[in-house]
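Here is the structure we will look at, set down as structure tokens.
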Amino acid sequence: MTNEPRPAGVTPPVAVVFASVTFIALSIGGLGVMSLVLDADVIPVRGLGAIPGVIGQLLALLAFAGVLWWGLRADPPGYLTAVPCAVGAYVGEVLGIVVGAVVGGADPARGLAAAGSVALGFPGAVVAGAGLLAGLFGVLLVRSRSNGPRWRWEDDDETR
């Protein structure tokens, strides 16, 4: 056993970046797979275009990253931080759909209808699930204080 100091693990800013990339990949991939499996549109309201979906994902990503950043301030951060991350991503997606519809020039009522269908359908659950999993991953990155693998000959001491 060596007297090396325990490694610091991943810093919170790096963990937020990795978890955010994981969130957006899980969210987009999960929405695509569920759309194919259920043979249903993610946003079933016609005539809105792609802007509401893009802005919804951007706001979900920003909300997720902000909540995770806030949750990783604790030492050590708790795994329950993932729950507000999921809620933040869900709310960000729903609000982003409304904002995206208005920015895209659609009727606000159609934007609210699209947001309601996302909130109550499978897309909301997929985004919240992606937020939960990616939030757990971000906390795990900060909490795991491990070294990389080392061979025996890499150790400084010659006594074995």
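Residues are referred to by chain and number: the chain letter is A, B, ... according to the order shown in the structure tokens, the number counts from 1 in that chain, and ligands are numbered separately from 1 in the order shown.
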Using only C-alpha atoms, which residues of range 122-158 of chain A come within 10 Å of range 43-66 of chain A, and what is the closest atom pair for each, with the distance in Å to one decimal? Give it as CSV, sorted by chain and residue number.
residue,atom,partner,partner_atom,distance
A:Pro123,CA,A:Ile43,CA,8.3
A:Val127,CA,A:Ala60,CA,8.1
A:Ala128,CA,A:Ala60,CA,9.4
A:Ala130,CA,A:Phe64,CA,9.9
A:Gly131,CA,A:Phe64,CA,6.7
A:Leu132,CA,A:Phe64,CA,9.4
A:Ala134,CA,A:Phe64,CA,9.0
A:Gly135,CA,A:Phe64,CA,8.0
A:Gly138,CA,A:Ala65,CA,9.8
Q | DSSP helix (DSSP H, G or I) residues within chain A, listed as JSON, numbers by chain | A | {"A": [12, 13, 14, 15, 16, 17, 18, 19, 20, 21, 22, 23, 24, 25, 26, 27, 28, 29, 30, 31, 32, 33, 34, 35, 36, 37, 38, 51, 52, 53, 54, 55, 56, 57, 58, 59, 60, 61, 62, 63, 64, 65, 66, 67, 68, 69, 70, 71, 79, 80, 81, 82, 83, 84, 85, 86, 87, 88, 89, 90, 91, 92, 93, 94, 95, 96, 97, 98, 99, 100, 101, 102, 103, 108, 109, 110, 111, 112, 113, 114, 115, 116, 117, 118, 119, 120, 122, 123, 124, 125, 126, 127, 128, 129, 130, 131, 132, 133, 134, 135, 136, 137, 138, 139, 140, 141, 142, 143, 152, 153, 154]}
What are the closest atom pairs, with distances in Å to one decimal, for each residue of range 69-121 of chain A lying within 12 Å of range 19-26 of chain A, using only C-alpha atoms, rows by chain and rising residue number, as a tab-separated table?
residue	atom	partner	partner_atom	distance
A:Trp69	CA	A:Ala19	CA	10.3
A:Leu72	CA	A:Ala19	CA	11.7
A:Ala82	CA	A:Ala19	CA	10.8
A:Cys85	CA	A:Phe23	CA	10.1
A:Ala86	CA	A:Phe23	CA	9.8
A:Ala89	CA	A:Phe23	CA	9.2
A:Tyr90	CA	A:Phe23	CA	11.8
A:Glu93	CA	A:Ile24	CA	11.6
